[in-house]
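Chemist: One file: my_file.csv (CSV, C-alpha atoms).
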chain,number,residue,atom,x,y,z
A,1,MET,CA,153.7,95.6,-59.1
A,2,THR,CA,150.9,95.7,-56.5
A,3,VAL,CA,151.7,97.9,-53.5
A,4,ARG,CA,149.4,97.7,-50.5
A,5,LYS,CA,149.3,101.0,-48.6
A,6,ASN,CA,148.2,102.1,-45.1
A,7,GLN,CA,144.6,103.2,-45.5
A,8,ALA,CA,145.3,106.3,-43.5
A,9,ASN,CA,147.7,107.5,-46.2
A,10,LEU,CA,145.3,107.0,-49.2
A,11,THR,CA,144.3,110.0,-51.2
A,12,ALA,CA,140.6,110.7,-51.7
A,13,ALA,CA,141.0,109.5,-55.3
A,14,GLU,CA,142.7,106.2,-54.1
A,15,LYS,CA,139.8,105.6,-51.6
A,16,LYS,CA,137.3,106.2,-54.3
A,17,ALA,CA,139.1,103.8,-56.7
A,18,PHE,CA,139.1,101.1,-54.1
A,19,VAL,CA,135.5,101.5,-53.2
A,20,ASP,CA,134.4,101.6,-56.9
A,21,ALA,CA,136.3,98.5,-57.6
A,22,VAL,CA,134.7,96.7,-54.7
A,23,LEU,CA,131.3,97.8,-55.8
A,24,GLU,CA,131.9,96.5,-59.3
A,25,VAL,CA,133.2,93.1,-58.1
A,26,LYS,CA,130.0,93.0,-56.0
A,27,ARG,CA,127.8,93.9,-59.0
A,28,LEU,CA,129.4,91.2,-61.0
A,29,GLY,CA,128.5,88.6,-58.4
A,30,VAL,CA,132.1,87.7,-57.8
A,31,TYR,CA,132.2,89.3,-54.3
A,32,ASP,CA,129.6,86.9,-53.0
A,33,GLU,CA,131.6,84.0,-54.1
A,34,PHE,CA,134.3,85.1,-51.7
A,35,VAL,CA,131.8,85.4,-48.9
A,36,LEU,CA,130.5,81.9,-49.7
A,37,ALA,CA,134.0,80.5,-49.8
A,38,HIS,CA,134.7,81.9,-46.3
A,39,ARG,CA,131.4,80.6,-44.8
A,40,THR,CA,132.0,77.2,-46.4
A,41,ARG,CA,135.6,77.0,-45.1
A,42,PHE,CA,134.4,77.7,-41.6
A,43,SER,CA,131.7,75.1,-41.7
A,44,ILE,CA,133.8,72.4,-43.2
A,45,ASP,CA,136.6,73.1,-40.8
A,46,MET,CA,134.3,72.9,-37.8
A,47,ASN,CA,132.6,69.8,-39.1
A,48,THR,CA,135.8,67.9,-39.8
A,49,GLY,CA,138.0,69.2,-37.0
A,50,VAL,CA,140.7,69.9,-39.7
A,51,TYR,CA,141.2,73.6,-39.2
A,52,VAL,CA,142.3,75.0,-42.5
A,53,GLY,CA,141.0,78.6,-42.6
A,54,HIS,CA,141.0,79.4,-38.9
A,55,PHE,CA,142.2,78.2,-35.5
A,56,GLY,CA,145.3,76.5,-36.9
A,57,PRO,CA,148.7,77.3,-38.5
A,58,SER,CA,147.2,77.7,-42.0
A,59,PHE,CA,145.1,80.6,-40.9
A,60,LEU,CA,147.8,83.0,-42.2
A,61,PRO,CA,148.6,81.4,-45.6
A,62,TRP,CA,144.9,80.6,-46.2
A,63,HIS,CA,144.0,84.2,-45.8
A,64,ARG,CA,147.0,85.4,-47.8
A,65,LYS,CA,145.8,83.4,-50.7
A,66,PHE,CA,142.2,84.5,-50.1
A,67,LEU,CA,143.3,88.2,-50.3
A,68,ILE,CA,145.5,87.6,-53.4
A,69,ASP,CA,142.5,86.2,-55.2
A,70,PHE,CA,140.3,89.0,-54.2
A,71,GLU,CA,142.9,91.6,-55.0
A,72,ASN,CA,143.2,90.1,-58.5
A,73,GLU,CA,139.4,90.5,-59.0
A,74,LEU,CA,139.7,94.2,-57.9
A,75,ARG,CA,142.6,94.7,-60.3
A,76,LYS,CA,140.6,93.3,-63.2
A,77,VAL,CA,138.3,96.2,-62.7
A,78,ASP,CA,141.0,98.8,-62.0
A,79,ALA,CA,144.6,97.8,-62.3
A,80,SER,CA,145.6,100.7,-60.1
A,81,VAL,CA,143.9,99.3,-57.0
A,82,SER,CA,145.3,97.2,-54.2
A,83,ILE,CA,143.9,96.2,-50.8
A,84,PRO,CA,144.8,98.9,-48.2
A,85,TYR,CA,145.7,97.8,-44.7
A,86,TRP,CA,144.1,99.0,-41.5
A,87,ASP,CA,146.5,99.4,-38.7
A,88,TRP,CA,144.0,99.0,-35.9
A,89,THR,CA,146.6,99.8,-33.3
A,90,ALA,CA,146.9,103.3,-34.6
A,91,ASP,CA,143.5,104.1,-36.2
A,92,ASN,CA,141.6,102.7,-33.2
A,93,THR,CA,138.6,104.9,-32.7
A,94,VAL,CA,135.1,105.1,-34.1
A,95,GLY,CA,136.1,108.6,-35.4
A,96,SER,CA,138.8,107.3,-37.7
A,97,SER,CA,138.6,108.4,-41.3
A,98,LEU,CA,138.3,104.8,-42.2
A,99,TRP,CA,134.7,105.0,-41.2
A,100,ALA,CA,133.9,108.2,-43.0
A,101,PRO,CA,131.1,108.3,-45.5
A,102,ALA,CA,133.6,108.8,-48.4
A,103,PHE,CA,135.3,105.5,-47.5
A,104,LEU,CA,133.7,102.6,-45.7
A,105,GLY,CA,130.9,104.3,-43.9
A,106,GLY,CA,130.3,104.3,-40.2
A,107,THR,CA,128.7,102.4,-37.4
A,108,GLY,CA,125.2,101.0,-37.6
A,109,ARG,CA,122.0,102.6,-36.2
A,110,PRO,CA,120.9,101.4,-32.8
A,111,LEU,CA,117.7,99.7,-34.0
A,112,ASP,CA,119.2,96.9,-36.0
A,113,ASP,CA,122.9,97.8,-36.4
A,114,GLN,CA,122.2,98.7,-40.0
A,115,VAL,CA,125.0,100.9,-41.6
A,116,MET,CA,123.2,104.0,-42.9
A,117,ASP,CA,125.9,106.0,-44.6
A,118,GLY,CA,128.7,105.5,-47.1
A,119,PRO,CA,128.9,103.3,-50.2
A,120,PHE,CA,127.9,100.1,-48.5
A,121,ALA,CA,124.7,101.4,-46.9
A,122,HIS,CA,121.8,99.1,-48.1
A,123,SER,CA,119.8,102.2,-48.9
A,124,GLY,CA,122.3,103.1,-51.6
A,125,GLY,CA,121.2,100.1,-53.6
A,126,ASN,CA,124.7,98.7,-54.2
A,127,TRP,CA,125.2,96.5,-51.2
A,128,THR,CA,122.7,93.7,-50.4
A,129,ILE,CA,123.8,90.8,-48.3
A,130,ASN,CA,123.2,87.7,-50.3
A,131,VAL,CA,125.4,85.1,-48.7
A,132,SER,CA,124.6,85.0,-45.0
A,133,VAL,CA,123.7,83.0,-41.9
A,134,ASP,CA,120.8,85.2,-40.9
A,135,SER,CA,118.0,87.3,-42.4
A,136,ARG,CA,119.7,90.7,-42.4
A,137,PRO,CA,119.8,92.0,-46.0
A,138,PHE,CA,121.9,95.1,-44.9
A,139,LEU,CA,125.4,95.5,-43.8
A,140,ALA,CA,125.5,95.5,-39.9
A,141,ARG,CA,128.1,97.1,-37.6
A,142,ASN,CA,128.2,98.3,-34.1
A,143,LEU,CA,131.7,99.7,-33.6
A,144,ALA,CA,133.2,99.4,-30.1
A,145,HIS,CA,130.0,98.0,-28.7
A,146,ARG,CA,130.9,94.5,-27.7
A,147,VAL,CA,134.5,95.4,-26.7
A,148,PRO,CA,135.4,99.0,-26.2
A,149,THR,CA,139.0,98.9,-27.4
A,150,LEU,CA,141.0,97.5,-30.3
A,151,PRO,CA,144.2,95.5,-29.5
A,152,PRO,CA,147.1,97.8,-28.4
A,153,ARG,CA,150.4,98.0,-30.1
A,154,SER,CA,152.0,96.4,-27.1
A,155,ASP,CA,150.0,93.2,-27.8
A,156,VAL,CA,151.2,93.2,-31.4
A,157,ASP,CA,154.8,93.8,-30.3
A,158,ALA,CA,154.5,90.9,-27.9
A,159,ALA,CA,153.3,88.6,-30.6
A,160,LEU,CA,156.0,89.8,-33.0
A,161,ALA,CA,158.7,89.0,-30.4
A,162,MET,CA,157.8,85.3,-30.3
A,163,PRO,CA,160.4,83.3,-32.1
A,164,THR,CA,158.2,80.4,-33.0
A,165,TYR,CA,155.5,80.4,-35.7
A,166,ASP,CA,153.3,77.9,-34.1
A,167,SER,CA,153.5,74.8,-31.9
A,168,PRO,CA,151.7,71.5,-31.2
A,169,PRO,CA,148.8,70.8,-31.1
A,170,PHE,CA,148.6,73.4,-33.9
A,171,ARG,CA,145.1,74.6,-33.1
A,172,ASP,CA,143.4,76.6,-30.4
A,173,GLY,CA,145.6,76.9,-27.3
A,174,SER,CA,148.8,76.5,-29.2
A,175,THR,CA,151.6,78.9,-28.3
A,176,GLY,CA,153.5,80.9,-30.8
A,177,PHE,CA,153.1,83.9,-33.2
A,178,ARG,CA,150.2,82.5,-35.2
A,179,SER,CA,148.0,81.7,-32.3
A,180,ALA,CA,148.8,85.0,-30.6
A,181,LEU,CA,148.1,87.0,-33.7
A,182,GLU,CA,144.9,85.1,-34.6
A,183,GLY,CA,143.8,85.6,-31.0
A,184,SER,CA,142.8,82.1,-30.3
A,185,ALA,CA,145.3,81.9,-27.4
A,186,GLY,CA,143.4,84.4,-25.3
A,187,TYR,CA,139.9,85.7,-24.8
A,188,MET,CA,138.8,88.4,-27.4
A,189,SER,CA,142.3,89.3,-28.4
A,190,MET,CA,144.2,90.4,-31.5
A,191,HIS,CA,142.6,89.3,-34.9
A,192,ASN,CA,139.5,87.9,-33.2
A,193,ARG,CA,139.0,91.0,-31.1
A,194,VAL,CA,139.0,93.2,-34.2
A,195,HIS,CA,136.2,91.2,-35.7
A,196,THR,CA,134.3,91.5,-32.5
A,197,TRP,CA,135.0,95.2,-32.1
A,198,VAL,CA,133.4,95.9,-35.5
A,199,TRP,CA,130.5,93.6,-34.6
A,200,GLY,CA,127.6,93.0,-37.0
A,201,HIS,CA,128.7,90.9,-40.0
A,202,MET,CA,132.3,91.1,-39.0
A,203,GLU,CA,131.5,88.9,-36.0
A,204,THR,CA,129.9,86.1,-38.1
A,205,SER,CA,131.2,83.4,-40.4
A,206,VAL,CA,130.2,85.6,-43.3
A,207,SER,CA,132.5,88.4,-42.2
A,208,PRO,CA,133.7,89.3,-45.7
A,209,ASN,CA,130.4,90.9,-46.3
A,210,ASP,CA,131.9,93.9,-44.6
A,211,PRO,CA,134.6,95.3,-46.8
A,212,VAL,CA,136.7,96.2,-43.8
A,213,PHE,CA,137.4,92.5,-43.6
A,214,TRP,CA,140.0,92.9,-46.4
A,215,LEU,CA,141.7,95.9,-44.8
A,216,HIS,CA,141.8,94.1,-41.5
A,217,HIS,CA,143.3,90.9,-43.0
A,218,ALA,CA,145.8,92.9,-45.0
A,219,PHE,CA,147.2,94.2,-41.8
A,220,VAL,CA,147.2,90.7,-40.2
A,221,ASP,CA,149.1,89.6,-43.3
A,222,LYS,CA,151.5,92.4,-43.1
A,223,LEU,CA,152.3,91.4,-39.5
A,224,TRP,CA,153.1,87.9,-40.7
A,225,ALA,CA,155.6,89.5,-43.1
A,226,ASP,CA,156.9,91.8,-40.4
A,227,TRP,CA,157.4,88.8,-38.0
A,228,HIS,CA,159.4,86.9,-40.6
A,229,ALA,CA,161.6,89.9,-41.1
A,230,LEU,CA,162.3,90.1,-37.4
A,231,HIS,CA,163.0,86.3,-37.2
A,232,PRO,CA,164.8,85.5,-40.4
A,233,THR,CA,166.1,82.2,-39.0
A,234,SER,CA,162.8,81.0,-37.7
A,235,ALA,CA,160.7,78.7,-39.8
A,236,GLU,CA,158.2,81.0,-41.5
A,237,TYR,CA,155.6,78.2,-41.3
A,238,LEU,CA,155.1,75.2,-39.1
A,239,PRO,CA,154.4,72.2,-39.0
A,240,ALA,CA,156.9,71.0,-41.7
A,241,GLY,CA,155.2,67.7,-42.3
A,242,GLY,CA,153.6,64.5,-41.1
A,243,THR,CA,151.0,66.1,-38.8
A,244,VAL,CA,147.6,64.4,-38.8
A,245,ASP,CA,144.6,66.7,-39.4
A,246,VAL,CA,146.8,69.8,-39.7
A,247,ILE,CA,147.9,71.6,-42.9
A,248,ASP,CA,151.6,70.9,-43.2
A,249,LEU,CA,154.0,73.2,-45.1
A,250,ASN,CA,153.5,71.3,-48.4
A,251,ASP,CA,149.9,70.2,-48.0
A,252,THR,CA,147.3,71.8,-50.3
A,253,MET,CA,144.8,74.2,-48.7
A,254,PRO,CA,141.2,73.7,-49.8
A,255,PRO,CA,139.4,75.1,-51.7
A,256,TRP,CA,142.4,75.7,-53.9
A,257,PRO,CA,143.5,72.5,-55.7
A,258,ASN,CA,147.2,73.1,-55.6
A,259,THR,CA,148.1,76.0,-53.2
A,260,THR,CA,150.3,75.1,-50.2
A,261,PRO,CA,151.6,77.2,-47.3
A,262,GLN,CA,155.0,77.0,-48.9
A,263,ASP,CA,153.6,78.7,-52.0
A,264,MET,CA,152.5,81.6,-49.9
A,265,LEU,CA,155.7,82.3,-47.9
A,266,ASP,CA,157.1,84.8,-50.3
A,267,HIS,CA,154.5,87.5,-50.6
A,268,THR,CA,156.7,89.8,-52.6
A,269,GLN,CA,156.1,87.8,-55.7
A,270,PHE,CA,152.5,89.0,-55.5
A,271,TYR,CA,152.6,92.4,-53.7
A,272,THR,CA,154.6,94.5,-51.3
A,273,TYR,CA,153.7,96.7,-48.3
A,274,ALA,CA,154.3,100.4,-48.2
B,275,MET,CA,144.5,81.8,-60.3
B,276,PRO,CA,144.4,84.8,-62.5
B,277,GLY,CA,142.5,85.0,-65.7
B,278,PRO,CA,138.9,84.9,-66.8
B,279,THR,CA,138.4,81.3,-65.7
B,280,ARG,CA,139.3,81.9,-62.1
B,281,ARG,CA,135.6,82.4,-61.1
B,282,GLN,CA,134.6,79.0,-62.4
B,283,ALA,CA,137.8,77.5,-61.1
B,284,LEU,CA,137.1,78.8,-57.6
B,285,GLY,CA,133.6,77.5,-57.7
B,286,ALA,CA,134.7,74.1,-59.0
B,287,ALA,CA,137.4,73.9,-56.4
B,288,ILE,CA,135.0,74.6,-53.6
B,289,GLY,CA,132.8,71.8,-54.8
B,290,VAL,CA,135.6,69.4,-55.2
B,291,ALA,CA,137.0,70.3,-51.8
B,292,ALA,CA,133.6,70.1,-50.1
B,293,GLY,CA,133.0,66.6,-51.5
B,294,GLY,CA,136.4,65.4,-50.5
B,295,ALA,CA,136.0,66.8,-47.0
B,296,LEU,CA,132.6,65.2,-46.5
B,297,ILE,CA,133.9,61.8,-47.5
B,298,GLY,CA,136.6,62.4,-44.9
B,299,VAL,CA,134.1,63.2,-42.3
B,300,THR,CA,132.1,60.1,-42.9
B,301,THR,CA,135.2,57.9,-42.7
B,302,ALA,CA,136.4,59.7,-39.6
B,303,SER,CA,133.1,59.4,-37.8
B,304,ALA,CA,132.8,55.8,-38.5
B,305,ASP,CA,136.3,54.7,-37.7
B,306,THR,CA,138.0,57.2,-35.4
B,307,VAL,CA,135.7,59.3,-33.4
B,308,PRO,CA,138.0,60.0,-30.5
B,309,ALA,CA,141.2,59.9,-32.5
B,310,GLY,CA,139.9,62.0,-35.3
B,311,THR,CA,139.3,65.0,-33.0
B,312,GLY,CA,142.5,64.4,-31.0
B,313,SER,CA,142.8,66.4,-27.8
B,314,GLU,CA,139.6,68.2,-28.5
B,315,GLY,CA,137.6,65.0,-28.2
B,316,SER,CA,139.4,64.2,-25.0
B,317,ALA,CA,138.8,67.6,-23.6
B,318,ALA,CA,135.1,67.5,-24.5
B,319,GLY,CA,134.8,64.1,-23.0
B,320,LEU,CA,136.4,65.2,-19.7
B,321,ALA,CA,134.4,68.3,-19.5
B,322,GLY,CA,131.2,66.5,-20.1
B,323,THR,CA,128.3,67.4,-22.3
B,324,PRO,CA,126.5,70.7,-21.5
B,325,SER,CA,123.0,70.2,-20.2
B,326,SER,CA,119.8,71.1,-22.0
B,327,PHE,CA,118.1,74.4,-21.8
B,328,ASP,CA,114.8,75.9,-23.0
B,329,GLU,CA,114.0,79.5,-22.1
B,330,VAL,CA,112.8,82.7,-23.5
B,331,PHE,CA,115.6,85.3,-23.7
B,332,GLU,CA,114.8,88.8,-24.7
B,333,GLY,CA,111.6,87.6,-26.3
B,334,ARG,CA,113.2,84.8,-28.3
B,335,ARG,CA,112.8,81.1,-27.4
B,336,ILE,CA,116.2,79.5,-27.2
B,337,GLN,CA,116.6,75.7,-26.8
B,338,GLY,CA,119.6,73.5,-26.5
B,339,THR,CA,120.0,69.8,-26.5
B,340,PRO,CA,122.8,67.4,-26.6
B,341,ALA,CA,122.4,65.5,-29.8
B,342,GLU,CA,123.5,62.3,-31.3
B,343,ALA,CA,125.9,64.4,-33.4
B,344,ARG,CA,126.2,62.6,-36.6
B,345,ALA,CA,122.7,61.1,-36.7
B,346,SER,CA,121.2,64.5,-36.1
B,347,ALA,CA,123.6,66.1,-38.5
B,348,HIS,CA,122.7,63.8,-41.4
B,349,ALA,CA,119.0,64.1,-40.7
B,350,HIS,CA,119.1,67.9,-40.9
B,351,GLY,CA,121.7,68.3,-43.6
B,352,HIS,CA,124.4,69.5,-41.3
B,353,ALA,CA,127.4,67.6,-40.4
B,354,GLY,CA,127.1,68.0,-36.7
B,355,HIS,CA,129.7,70.8,-36.0
B,356,GLY,CA,131.7,68.4,-34.1
B,357,ALA,CA,130.4,68.3,-30.6
B,358,GLY,CA,126.9,67.0,-31.0
B,359,TYR,CA,125.0,69.8,-29.5
B,360,ARG,CA,121.9,71.4,-31.1
B,361,VAL,CA,120.7,75.0,-30.5
B,362,LEU,CA,117.5,76.5,-31.8
B,363,ILE,CA,116.4,80.1,-31.8
B,364,ASP,CA,112.7,80.3,-32.4
B,365,GLY,CA,112.8,76.8,-33.8
B,366,ARG,CA,115.6,77.6,-36.3
B,367,GLU,CA,119.0,76.0,-35.9
B,368,LEU,CA,121.9,78.1,-34.8
B,369,PRO,CA,125.0,76.1,-35.7
B,370,VAL,CA,127.3,75.9,-32.7
B,371,MET,CA,130.8,74.4,-32.4
B,372,GLN,CA,133.2,73.5,-29.6
B,373,HIS,CA,136.8,74.6,-29.6
B,374,GLY,CA,138.3,72.0,-27.3
B,375,ARG,CA,138.8,73.4,-23.9
B,376,ASN,CA,138.4,77.0,-25.1
B,377,GLY,CA,134.7,76.9,-25.3
B,378,TRP,CA,131.9,77.4,-27.8
B,379,SER,CA,131.1,79.7,-30.7
B,380,SER,CA,128.4,80.0,-33.3
B,381,THR,CA,128.0,81.1,-36.8
B,382,ILE,CA,126.7,84.4,-35.5
B,383,ASN,CA,129.5,85.0,-33.1
B,384,HIS,CA,132.4,83.1,-34.7
B,385,TYR,CA,135.3,85.1,-33.3
B,386,GLU,CA,134.3,84.7,-29.6
B,387,ARG,CA,134.4,81.8,-27.2
B,388,PHE,CA,131.6,81.0,-24.8
B,389,ALA,CA,131.7,78.8,-21.8
B,390,THR,CA,128.4,77.1,-22.7
B,391,PRO,CA,126.1,76.7,-25.7
B,392,LEU,CA,123.5,78.6,-23.6
B,393,GLU,CA,125.8,81.6,-23.5
B,394,ALA,CA,126.4,81.3,-27.3
B,395,ALA,CA,122.6,81.2,-27.9
B,396,ARG,CA,122.0,84.3,-25.7
B,397,THR,CA,124.7,86.2,-27.4
B,398,ALA,CA,123.4,85.3,-30.8
B,399,VAL,CA,120.0,86.7,-29.8
B,400,ILE,CA,121.6,89.9,-28.6
B,401,SER,CA,123.5,90.1,-31.9
B,402,LEU,CA,120.5,89.5,-34.2
B,403,LYS,CA,118.4,92.3,-32.8
B,404,GLY,CA,115.3,90.6,-34.2
B,405,ALA,CA,116.7,89.0,-37.3
B,406,VAL,CA,116.4,85.3,-37.6
B,407,VAL,CA,119.0,82.6,-38.3
B,408,VAL,CA,118.8,81.2,-41.7
B,409,PRO,CA,119.8,77.6,-42.6
B,410,PHE,CA,122.5,77.2,-45.2
B,411,ASP,CA,124.3,74.4,-47.0
B,412,PRO,CA,127.6,74.0,-45.0
B,413,THR,CA,129.3,72.6,-48.0
B,414,ALA,CA,128.0,75.0,-50.7
Could you spell out this file's structure in structure tokens?
Modeler:
Amino acid sequence: MTVRKNQANLTAAEKKAFVDAVLEVKRLGVYDEFVLAHRTRFSIDMNTGVYVGHFGPSFLPWHRKFLIDFENELRKVDASVSIPYWDWTADNTVGSSLWAPAFLGGTGRPLDDQVMDGPFAHSGGNWTINVSVDSRPFLARNLAHRVPTLPPRSDVDAALAMPTYDSPPFRDGSTGFRSALEGSAGYMSMHNRVHTWVWGHMETSVSPNDPVFWLHHAFVDKLWADWHALHPTSAEYLPAGGTVDVIDLNDTMPPWPNTTPQDMLDHTQFYTYA
Amino acid sequence: MPGPTRRQALGAAIGVAAGGALIGVTTASADTVPAGTGSEGSAAGLAGTPSSFDEVFEGRRIQGTPAEARASAHAHGHAGHGAGYRVLIDGRELPVMQHGRNGWSSTINHYERFATPLEAARTAVISLKGAVVVPFDPTA
């Protein structure tokens, strides 16, 4: 059984195993397929106005499936590996061990935001950006540059207290847990704010180029599970059906041919959180 | 989708989904322009189309023009990003998109909202630090 752990609690060996698996998935060319899938999802969603991956209720089940697929690729390389989660309400500084050279590496240099240390530094030869929207071949970050702080726990608790998953019109501006957690209900808040805080590639539509993407989204995913535990009688997903241009509970979520939000509700069949 | 065929399956699924979605776009744009975008279309219409700009910002030329969204989109291999507004940085297109009344974003700053395409363009310039935007196939 896959158990996802808080990254702050990983041993040095566990960190190395995760990093090594990520590097191998990258070397195999599989990693870039995930980056491409994310970029394509963003583009198609924006072009069609049918918000599958972001800005709508299926944000959470879409990313849950995305992470499950990625985690499966990691586990083909090393069956002991799972995606750690980054609780950005607790490990909320540039000095966090998350950004140490032995784990994800640190912030970028001032000249071009290029990450210069750790396993994902371009100079190490293992991490070239192949799927992108700009010409930077190196991983870019500028931690705490655009926004100085990460979302506080009080914001997370306020979102968790909301009894409703999502509400009409089921896109930007909707009220409810999903919108509050995604951050589309406010300016630079929650999930969106974390992307912006990291800056560089995390701010772009090819954000999975930064491996912290997976740790960030594992925490977002955990919060969805936490929310459901707090509101066992609330519908874990809305809308239930019949909503035009919105992924309903039993609609398939592209690019997967037969995965619905309903299929994603019980995460414990895939993994648990420690 | 576990197993050794997942890689091909994911790629195939993306292709299928992209094709299906594009057909949907064409249909929607022909038949239901206001209805297809729902409240977003209404909000955009009420707010009006942002005006053009052409300036040099931090050494980069940025231009923005309201476009005939779908005509421009098809001519340039993009599907318009919804709102029919075209932004260039040093002559290369920066895809921008409108989020109803919540503002604009771009592929470079996808998790923020800007009041205008001009602000999105300027922020992209700041973000790029000299790098250039690179066109891509939005359905790849």
Chemist: Define the interface residues of chain A facing chain B as those within 6 Å, counting all atoms listed in the file, and report them as a VMD selection string.
Modeler: chain A and resid 40 43 46 to 49 112 133 to 135 192 203 to 205 254 to 256
Chemist: So which one's closest to Asn130 of chain A, A:Tyr237, A:Tyr31, A:Phe270, A:Trp197? Using all atoms listed in the file, please.
Modeler: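 Of A:Tyr237, A:Tyr31, A:Phe270, A:Trp197, the one nearest Asn130 of chain A is A:Tyr31, counting all atoms listed in the file.
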Chemist: Please list as a list in words every residue within 7 Å of Ala140 of chain A, counting only C-alpha atoms and excluding residues in the same chain fewer than 3 positions away.
Modeler: Gly108, Asp113, Gln114, Val115, Gly200 and His201 of chain A
Chemist: What's the 6 Å shell around Thr339 of chain B, counting all atoms listed in the file, without same-chain residues fewer than 2 positions away, as a ChimeraX atom specification?
Modeler: /B:326,341,359-360
Chemist: Select, from A:Val50, A:Pro137, A:Gly176, A:Arg41, the residue with the minimum atom-to-atom distance to Val244 of chain A, counting all atoms listed in the file.
Modeler: A:Val50
Chemist: Quick one: residues within 12 Å of Val94 of chain A, only C-alpha atoms, excluding same-chain residues fewer than 3 positions away - as a PyMOL selection string?
Modeler: chain A and resi 88+90-91+97-100+104-108+141-145+148-150+197-198
Chemist: Please, what distance in Å, to one decimal, runs between atom CA of Asp166 of chain A and atom CA of Met253 of chain A?
Modeler: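 Atom CA of Asp166 of chain A sits 17.3 Å away from atom CA of Met253 of chain A.
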Chemist: Excluding Gly365 of chain B and any residue of its chain fewer than 3 positions from it, enumerate the residues within 9 Å of it, using only C-alpha atoms, and give them as a PyMOL selection string.
Modeler: chain B and resi 335-337+361-362
Chemist: Between atom CA of Tyr51 of chain A and atom CA of Asp245 of chain A, what is the spacing in Å?
Modeler: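 Atom CA of Asp245 of chain A sits 7.7 Å away from atom CA of Tyr51 of chain A.
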Chemist: Between A:Phe103, A:Phe55, A:Tyr165, A:Tyr273, which one has atoms that come closest to Trp227 of chain A, using all atoms listed in the file?
Modeler: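 Checking each of A:Phe103, A:Phe55, A:Tyr165, A:Tyr273 against Trp227 of chain A, counting all atoms listed in the file, the winner is A:Tyr165.
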Chemist: Taking 5 positions as the minimum chain separation for residues in the same chain, which residues sit within 10 Å of Pro119 of chain A when counting only C-alpha atoms? Answer as a list in words.
Modeler: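 Counting only the stated atoms, we get Lys16, Val19, Asp20, Val22, Leu23, Pro101, Ala102, Phe103, Leu104, Gly105, Gly124, Gly125, Asn126 and Trp127 of chain A.
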Chemist: What is the atom CA of Leu181 of chain A to atom CA of Ala394 of chain B distance in Å?
Modeler: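 That distance, rounded to one decimal, is 23.3 Å.
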Chemist: Neighbourhood query: residues within 8 Å of (137.9, 83.2, -48.8), file coordinates, counting only C-alpha atoms; return as an mmCIF file with C-alpha atoms, keeping the file's coordinate frame.
Modeler:
data_model
loop_
_atom_site.group_PDB
_atom_site.id
_atom_site.type_symbol
_atom_site.label_atom_id
_atom_site.label_comp_id
_atom_site.auth_asym_id
_atom_site.auth_seq_id
_atom_site.Cartn_x
_atom_site.Cartn_y
_atom_site.Cartn_z
ATOM 1 C CA PHE A 34 134.300 85.100 -51.700
ATOM 2 C CA VAL A 35 131.800 85.400 -48.900
ATOM 3 C CA LEU A 36 130.500 81.900 -49.700
ATOM 4 C CA ALA A 37 134.000 80.500 -49.800
ATOM 5 C CA HIS A 38 134.700 81.900 -46.300
ATOM 6 C CA ARG A 41 135.600 77.000 -45.100
ATOM 7 C CA TRP A 62 144.900 80.600 -46.200
ATOM 8 C CA HIS A 63 144.000 84.200 -45.800
ATOM 9 C CA PHE A 66 142.200 84.500 -50.100
ATOM 10 C CA LEU A 67 143.300 88.200 -50.300
#
Chemist: Rank A:Leu60, A:Tyr85, A:Leu238, A:Asp210 by their smallest atom-to-atom distance to Ser167 of chain A, using only C-alpha atoms, and report the top residue only.
Modeler: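 Of all the options, A:Leu238 lies closest to Ser167 of chain A.
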Chemist: May I ask which of the residues B:Thr323, B:Phe331, B:Gly338, B:Asp364 is the closest one to Thr397 of chain B, counting only C-alpha atoms?
Modeler: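 Checking each of B:Thr323, B:Phe331, B:Gly338, B:Asp364 against Thr397 of chain B, counting only C-alpha atoms, the winner is B:Phe331.
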Chemist: From the coordinates supplied, segment 381-388 of chain B should be written with N, CA and C atoms, as a PDB file, in the first residue's frame.
Modeler:
ATOM      1  N   THR B 381       0.147  32.278 -20.190  1.00  0.00           N
ATOM      2  CA  THR B 381       0.826  31.001 -19.967  1.00  0.00           C
ATOM      3  C   THR B 381       2.038  31.163 -19.058  1.00  0.00           C
ATOM      4  N   ILE B 382       2.618  32.361 -19.021  1.00  0.00           N
ATOM      5  CA  ILE B 382       3.786  32.596 -18.173  1.00  0.00           C
ATOM      6  C   ILE B 382       3.366  32.827 -16.726  1.00  0.00           C
ATOM      7  N   ASN B 383       2.239  33.453 -16.517  1.00  0.00           N
ATOM      8  CA  ASN B 383       1.735  33.719 -15.164  1.00  0.00           C
ATOM      9  C   ASN B 383       0.314  33.160 -15.076  1.00  0.00           C
ATOM     10  N   HIS B 384       0.259  31.842 -14.946  1.00  0.00           N
ATOM     11  CA  HIS B 384      -1.037  31.175 -15.074  1.00  0.00           C
ATOM     12  C   HIS B 384      -1.819  31.144 -13.781  1.00  0.00           C
ATOM     13  N   TYR B 385      -1.177  31.449 -12.659  1.00  0.00           N
ATOM     14  CA  TYR B 385      -1.860  31.318 -11.380  1.00  0.00           C
ATOM     15  C   TYR B 385      -2.174  32.677 -10.764  1.00  0.00           C
ATOM     16  N   GLU B 386      -2.029  33.711 -11.571  1.00  0.00           N
ATOM     17  CA  GLU B 386      -2.376  35.056 -11.131  1.00  0.00           C
ATOM     18  C   GLU B 386      -3.497  35.603 -11.991  1.00  0.00           C
ATOM     19  N   ARG B 387      -4.076  36.695 -11.548  1.00  0.00           N
ATOM     20  CA  ARG B 387      -5.101  37.392 -12.314  1.00  0.00           C
ATOM     21  C   ARG B 387      -4.670  38.846 -12.470  1.00  0.00           C
ATOM     22  N   PHE B 388      -4.791  39.350 -13.675  1.00  0.00           N
ATOM     23  CA  PHE B 388      -4.419  40.733 -13.959  1.00  0.00           C
ATOM     24  C   PHE B 388      -5.630  41.492 -14.466  1.00  0.00           C
TER      25      PHE B 388
END
